[in-house]
file entry.txt (compact mmCIF, N, CA and C atoms)
# COMPACT_ATOMS: atom_id res chain seq x y z
N MET A 24 0.84 -1.17 0.00
CA MET A 24 0.00 0.00 0.00
C MET A 24 0.89 1.24 0.00
N LYS A 25 0.55 2.17 -0.86
CA LYS A 25 1.31 3.42 -0.91
C LYS A 25 0.65 4.44 0.01
N LEU A 26 1.50 5.30 0.53
CA LEU A 26 1.12 6.31 1.49
C LEU A 26 1.61 7.66 0.99
N VAL A 27 0.80 8.70 1.14
CA VAL A 27 1.20 10.06 0.79
C VAL A 27 1.35 10.84 2.08
N VAL A 28 2.53 11.40 2.31
CA VAL A 28 2.79 12.19 3.50
C VAL A 28 3.04 13.62 3.05
N THR A 29 2.32 14.56 3.64
CA THR A 29 2.53 15.98 3.34
C THR A 29 2.97 16.69 4.61
N VAL A 30 3.89 17.63 4.44
CA VAL A 30 4.41 18.41 5.56
C VAL A 30 4.41 19.88 5.16
N VAL A 31 3.82 20.72 6.00
CA VAL A 31 3.76 22.16 5.73
C VAL A 31 4.04 22.90 7.02
N GLY A 32 4.85 23.94 6.94
CA GLY A 32 5.12 24.76 8.12
C GLY A 32 6.30 25.67 7.90
N LYS A 33 6.61 26.45 8.90
CA LYS A 33 7.75 27.34 8.83
C LYS A 33 9.02 26.49 8.75
N ASP A 34 9.92 26.89 7.88
CA ASP A 34 11.15 26.13 7.66
C ASP A 34 12.03 26.13 8.91
N ARG A 35 12.67 25.00 9.15
CA ARG A 35 13.63 24.87 10.24
C ARG A 35 14.50 23.66 9.97
N VAL A 36 15.59 23.58 10.63
CA VAL A 36 16.52 22.47 10.47
C VAL A 36 15.89 21.18 11.00
N GLY A 37 16.03 20.09 10.25
CA GLY A 37 15.69 18.77 10.75
C GLY A 37 14.32 18.23 10.41
N ILE A 38 13.53 18.94 9.62
CA ILE A 38 12.18 18.46 9.31
C ILE A 38 12.24 17.14 8.54
N ILE A 39 13.00 17.12 7.46
CA ILE A 39 13.10 15.90 6.65
C ILE A 39 13.72 14.77 7.46
N ALA A 40 14.72 15.08 8.25
CA ALA A 40 15.38 14.06 9.08
C ALA A 40 14.39 13.44 10.06
N MET A 41 13.56 14.25 10.68
CA MET A 41 12.60 13.74 11.65
C MET A 41 11.57 12.84 11.00
N VAL A 42 11.01 13.28 9.88
CA VAL A 42 10.00 12.47 9.18
C VAL A 42 10.60 11.18 8.67
N SER A 43 11.77 11.25 8.04
CA SER A 43 12.38 10.03 7.50
C SER A 43 12.80 9.07 8.61
N GLN A 44 13.19 9.58 9.77
CA GLN A 44 13.55 8.71 10.88
C GLN A 44 12.33 7.94 11.39
N ILE A 45 11.20 8.63 11.53
CA ILE A 45 9.97 7.96 11.98
C ILE A 45 9.59 6.86 10.99
N LEU A 46 9.66 7.17 9.71
CA LEU A 46 9.31 6.18 8.70
C LEU A 46 10.28 5.00 8.74
N ALA A 47 11.56 5.26 8.83
CA ALA A 47 12.55 4.19 8.88
C ALA A 47 12.37 3.31 10.11
N GLU A 48 12.10 3.91 11.26
CA GLU A 48 11.89 3.14 12.49
C GLU A 48 10.70 2.20 12.37
N ASN A 49 9.78 2.52 11.46
CA ASN A 49 8.58 1.71 11.30
C ASN A 49 8.57 0.91 10.00
N ASN A 50 9.76 0.76 9.39
CA ASN A 50 9.93 -0.04 8.18
C ASN A 50 9.04 0.44 7.02
N VAL A 51 8.93 1.75 6.90
CA VAL A 51 8.19 2.37 5.80
C VAL A 51 9.22 2.90 4.81
N ASN A 52 9.15 2.45 3.57
CA ASN A 52 10.14 2.79 2.56
C ASN A 52 9.73 4.03 1.78
N ILE A 53 10.59 5.03 1.73
CA ILE A 53 10.35 6.24 0.95
C ILE A 53 10.63 5.95 -0.51
N LEU A 54 9.63 6.20 -1.36
CA LEU A 54 9.77 5.97 -2.80
C LEU A 54 10.12 7.25 -3.55
N SER A 55 9.54 8.35 -3.10
CA SER A 55 9.74 9.63 -3.78
C SER A 55 9.55 10.75 -2.77
N ILE A 56 10.35 11.79 -2.93
CA ILE A 56 10.22 12.93 -2.03
C ILE A 56 10.46 14.21 -2.83
N ASN A 57 9.62 15.19 -2.60
CA ASN A 57 9.76 16.49 -3.25
C ASN A 57 9.50 17.55 -2.19
N GLN A 58 10.43 18.47 -2.06
CA GLN A 58 10.25 19.52 -1.07
C GLN A 58 10.73 20.85 -1.63
N ASN A 59 10.15 21.91 -1.13
CA ASN A 59 10.62 23.23 -1.49
C ASN A 59 10.37 24.18 -0.33
N ILE A 60 11.02 25.32 -0.41
CA ILE A 60 10.87 26.36 0.60
C ILE A 60 10.50 27.63 -0.15
N MET A 61 9.36 28.20 0.23
CA MET A 61 8.89 29.43 -0.40
C MET A 61 8.68 30.48 0.68
N ASP A 62 9.45 31.55 0.60
CA ASP A 62 9.32 32.67 1.52
C ASP A 62 9.36 32.21 2.98
N GLY A 63 10.24 31.25 3.26
CA GLY A 63 10.42 30.78 4.63
C GLY A 63 9.50 29.66 5.07
N PHE A 64 8.62 29.21 4.17
CA PHE A 64 7.70 28.12 4.50
C PHE A 64 8.13 26.84 3.79
N PHE A 65 8.19 25.79 4.56
CA PHE A 65 8.59 24.47 4.09
C PHE A 65 7.36 23.72 3.60
N ASN A 66 7.50 23.05 2.46
CA ASN A 66 6.41 22.26 1.88
C ASN A 66 7.02 20.98 1.32
N MET A 67 6.49 19.82 1.75
CA MET A 67 7.03 18.56 1.27
C MET A 67 5.89 17.59 0.99
N ILE A 68 6.06 16.82 -0.07
CA ILE A 68 5.17 15.70 -0.34
C ILE A 68 6.05 14.48 -0.56
N LEU A 69 5.67 13.40 0.08
CA LEU A 69 6.49 12.20 0.09
C LEU A 69 5.58 11.01 -0.22
N ILE A 70 6.04 10.13 -1.09
CA ILE A 70 5.32 8.90 -1.39
C ILE A 70 6.12 7.76 -0.75
N ALA A 71 5.43 6.89 -0.03
CA ALA A 71 6.10 5.80 0.66
C ALA A 71 5.32 4.51 0.51
N GLU A 72 6.03 3.41 0.70
CA GLU A 72 5.42 2.08 0.67
C GLU A 72 5.35 1.57 2.10
N ILE A 73 4.13 1.26 2.55
CA ILE A 73 3.91 0.86 3.94
C ILE A 73 3.61 -0.64 4.08
N SER A 74 3.57 -1.36 2.98
CA SER A 74 3.18 -2.78 3.01
C SER A 74 4.04 -3.66 3.91
N GLU A 75 5.32 -3.36 4.01
CA GLU A 75 6.23 -4.18 4.81
C GLU A 75 6.24 -3.78 6.29
N SER A 76 5.53 -2.73 6.62
CA SER A 76 5.50 -2.23 7.99
C SER A 76 4.48 -2.99 8.83
N LYS A 77 4.76 -3.11 10.11
CA LYS A 77 3.83 -3.74 11.03
C LYS A 77 2.94 -2.72 11.73
N ILE A 78 3.24 -1.44 11.57
CA ILE A 78 2.45 -0.40 12.21
C ILE A 78 1.17 -0.16 11.42
N LYS A 79 0.09 0.09 12.13
CA LYS A 79 -1.17 0.44 11.48
C LYS A 79 -1.10 1.88 11.01
N LEU A 80 -1.76 2.17 9.90
CA LEU A 80 -1.75 3.52 9.35
C LEU A 80 -2.23 4.53 10.39
N THR A 81 -3.26 4.21 11.13
CA THR A 81 -3.79 5.16 12.13
C THR A 81 -2.75 5.49 13.19
N GLU A 82 -1.96 4.51 13.59
CA GLU A 82 -0.92 4.76 14.59
C GLU A 82 0.21 5.61 14.00
N LEU A 83 0.60 5.32 12.77
CA LEU A 83 1.63 6.13 12.10
C LEU A 83 1.15 7.57 11.94
N GLN A 84 -0.11 7.74 11.55
CA GLN A 84 -0.67 9.08 11.42
C GLN A 84 -0.58 9.85 12.74
N LYS A 85 -0.89 9.17 13.82
CA LYS A 85 -0.85 9.80 15.15
C LYS A 85 0.57 10.22 15.51
N ILE A 86 1.53 9.34 15.28
CA ILE A 86 2.92 9.66 15.60
C ILE A 86 3.40 10.85 14.79
N LEU A 87 3.15 10.83 13.48
CA LEU A 87 3.59 11.93 12.62
C LEU A 87 2.93 13.24 13.03
N LYS A 88 1.64 13.21 13.31
CA LYS A 88 0.92 14.42 13.72
C LYS A 88 1.51 14.99 15.01
N GLU A 89 1.70 14.13 16.00
CA GLU A 89 2.23 14.58 17.29
C GLU A 89 3.65 15.13 17.17
N ARG A 90 4.49 14.44 16.44
CA ARG A 90 5.88 14.91 16.27
C ARG A 90 5.92 16.21 15.47
N GLY A 91 5.03 16.34 14.49
CA GLY A 91 4.95 17.59 13.74
C GLY A 91 4.54 18.75 14.63
N GLU A 92 3.58 18.52 15.50
CA GLU A 92 3.14 19.57 16.42
C GLU A 92 4.27 20.03 17.32
N GLU A 93 5.16 19.11 17.70
CA GLU A 93 6.31 19.46 18.55
C GLU A 93 7.23 20.47 17.89
N ILE A 94 7.31 20.44 16.56
CA ILE A 94 8.20 21.38 15.85
C ILE A 94 7.41 22.38 15.00
N ASN A 95 6.12 22.49 15.28
CA ASN A 95 5.24 23.48 14.63
C ASN A 95 5.11 23.32 13.12
N VAL A 96 4.99 22.07 12.66
CA VAL A 96 4.65 21.81 11.27
C VAL A 96 3.45 20.87 11.25
N GLN A 97 2.68 20.93 10.19
CA GLN A 97 1.52 20.07 10.03
C GLN A 97 1.92 18.88 9.15
N ILE A 98 1.78 17.67 9.69
CA ILE A 98 2.11 16.46 8.95
C ILE A 98 0.86 15.62 8.81
N LYS A 99 0.54 15.28 7.57
CA LYS A 99 -0.59 14.41 7.30
C LYS A 99 -0.11 13.20 6.51
N ALA A 100 -0.64 12.04 6.84
CA ALA A 100 -0.34 10.81 6.12
C ALA A 100 -1.66 10.20 5.69
N GLN A 101 -1.77 9.90 4.40
CA GLN A 101 -3.01 9.35 3.85
C GLN A 101 -2.71 8.20 2.91
N HIS A 102 -3.62 7.26 2.87
CA HIS A 102 -3.55 6.21 1.87
C HIS A 102 -3.58 6.89 0.50
N GLU A 103 -2.80 6.41 -0.44
CA GLU A 103 -2.69 7.03 -1.76
C GLU A 103 -4.06 7.20 -2.43
N ASP A 104 -4.94 6.23 -2.31
CA ASP A 104 -6.25 6.32 -2.95
C ASP A 104 -7.08 7.47 -2.39
N ILE A 105 -7.04 7.66 -1.09
CA ILE A 105 -7.78 8.76 -0.46
C ILE A 105 -7.20 10.09 -0.90
N PHE A 106 -5.89 10.20 -0.93
CA PHE A 106 -5.24 11.43 -1.37
C PHE A 106 -5.66 11.76 -2.81
N ASN A 107 -5.64 10.76 -3.68
CA ASN A 107 -6.01 10.99 -5.08
C ASN A 107 -7.46 11.45 -5.23
N VAL A 108 -8.37 10.85 -4.49
CA VAL A 108 -9.78 11.24 -4.57
C VAL A 108 -9.96 12.67 -4.05
N MET A 109 -9.30 12.99 -2.98
CA MET A 109 -9.43 14.34 -2.38
C MET A 109 -8.86 15.42 -3.28
N HIS A 110 -7.91 15.07 -4.13
CA HIS A 110 -7.24 16.08 -4.95
C HIS A 110 -7.55 15.94 -6.44
N SER A 111 -8.65 15.29 -6.78
CA SER A 111 -9.04 15.19 -8.18
C SER A 111 -10.14 16.21 -8.46
N VAL A 112 -10.22 16.59 -9.71
CA VAL A 112 -11.21 17.59 -10.11
C VAL A 112 -12.42 16.90 -10.69

call {"tool": "encode", "arguments": {"input": "entry.txt", "output": "structure tokens"}}
result
Amino acid sequence: MKLVVTVVGKDRVGIIAMVSQILAENNVNILSINQNIMDGFFNMILIAEISESKIKLTELQKILKERGEEINVQIKAQHEDIFNVMHSV
């Protein structure tokens, strides 16, 4: 199952490191990552494969959300199908 992770917030050191560490600790493989910084705001979208992980998506979502709040960024993780439906015209 593919997962879409989005991160938005004020830029600071360590955002990508924190997200990738959480994913690695839970055996979630990053397939693609795209990030940019616009006028001091960090924006990232990451595609990952969660099939080999033992963590439930809801638990991973909770961890990412809580860790994001600690550094004042918004992190959302969604099943790829849900992300696609939400962002289609």

call {"tool": "atom_distance", "arguments": {"input": "entry.txt", "atom1": "CA of Phe65 (chain A)", "atom2": "CA of Gly32 (chain A)"}}
result
5.3 Å

call {"tool": "select_by_dssp", "arguments": {"input": "entry.txt", "residues": "chain A", "states": "strand (DSSP E or B)", "output": "VMD selection string"}}
result
chain A and resid 25 to 33 52 to 61 64 to 72 96 to 102

call {"tool": "atom_distance", "arguments": {"input": "entry.txt", "atom1": "CA of Thr81 (chain A)", "atom2": "atom N of Ala100 (chain A)"}}
result
9.2 Å

call {"tool": "atom_distance", "arguments": {"input": "entry.txt", "atom1": "CA of Val51 (chain A)", "atom2": "CA of Ile39 (chain A)"}}
result
14.4 Å

call {"tool": "residues_near_point", "arguments": {"input": "entry.txt", "point": "(3.4, 1.8, 1.8)", "cutoff": "12 Å", "atoms": "only C-alpha atoms", "output": "PyMOL selection string"}}
result
chain A and resi 24-28+46-47+49-55+69-80+83+100-104

call {"tool": "residues_around", "arguments": {"input": "entry.txt", "residues": "Val31 (chain A)", "least_positions_apart": "4", "cutoff": "8 Å", "atoms": "only N, CA and C atoms", "output": "PDB file with N, CA and C atoms, in the coordinates of the input"}}
result
ATOM      1  N   PHE A  64       8.620  29.210   4.170  1.00  0.00           N
ATOM      2  CA  PHE A  64       7.700  28.120   4.500  1.00  0.00           C
ATOM      3  C   PHE A  64       8.130  26.840   3.790  1.00  0.00           C
ATOM      4  N   PHE A  65       8.190  25.790   4.560  1.00  0.00           N
ATOM      5  CA  PHE A  65       8.590  24.470   4.090  1.00  0.00           C
ATOM      6  C   PHE A  65       7.360  23.720   3.600  1.00  0.00           C
ATOM      7  N   ASN A  66       7.500  23.050   2.460  1.00  0.00           N
ATOM      8  CA  ASN A  66       6.410  22.260   1.880  1.00  0.00           C
ATOM      9  C   ASN A  66       7.020  20.980   1.320  1.00  0.00           C
ATOM     10  N   MET A  67       6.490  19.820   1.750  1.00  0.00           N
ATOM     11  CA  MET A  67       7.030  18.560   1.270  1.00  0.00           C
ATOM     12  C   MET A  67       5.890  17.590   0.990  1.00  0.00           C
ATOM     13  N   ILE A  68       6.060  16.820  -0.070  1.00  0.00           N
ATOM     14  CA  ILE A  68       5.170  15.700  -0.340  1.00  0.00           C
ATOM     15  C   ILE A  68       6.050  14.480  -0.560  1.00  0.00           C
ATOM     16  N   ASN A  95       6.120  22.490  15.280  1.00  0.00           N
ATOM     17  CA  ASN A  95       5.240  23.480  14.630  1.00  0.00           C
ATOM     18  C   ASN A  95       5.110  23.320  13.120  1.00  0.00           C
ATOM     19  N   VAL A  96       4.990  22.070  12.660  1.00  0.00           N
ATOM     20  CA  VAL A  96       4.650  21.810  11.270  1.00  0.00           C
ATOM     21  C   VAL A  96       3.450  20.870  11.250  1.00  0.00           C
ATOM     22  N   GLN A  97       2.680  20.930  10.190  1.00  0.00           N
ATOM     23  CA  GLN A  97       1.520  20.070  10.030  1.00  0.00           C
ATOM     24  C   GLN A  97       1.920  18.880   9.150  1.00  0.00           C
ATOM     25  N   ILE A  98       1.780  17.670   9.690  1.00  0.00           N
ATOM     26  CA  ILE A  98       2.110  16.460   8.950  1.00  0.00           C
ATOM     27  C   ILE A  98       0.860  15.620   8.810  1.00  0.00           C
ATOM     28  N   LYS A  99       0.540  15.280   7.570  1.00  0.00           N
ATOM     29  CA  LYS A  99      -0.590  14.410   7.300  1.00  0.00           C
ATOM     30  C   LYS A  99      -0.110  13.200   6.510  1.00  0.00           C
TER      31      LYS A  99
END

call {"tool": "select_by_dssp", "arguments": {"input": "entry.txt", "residues": "chain A", "states": "helix (DSSP H, G or I)", "output": "VMD selection string"}}
result
chain A and resid 38 to 48 80 to 93 103 to 109
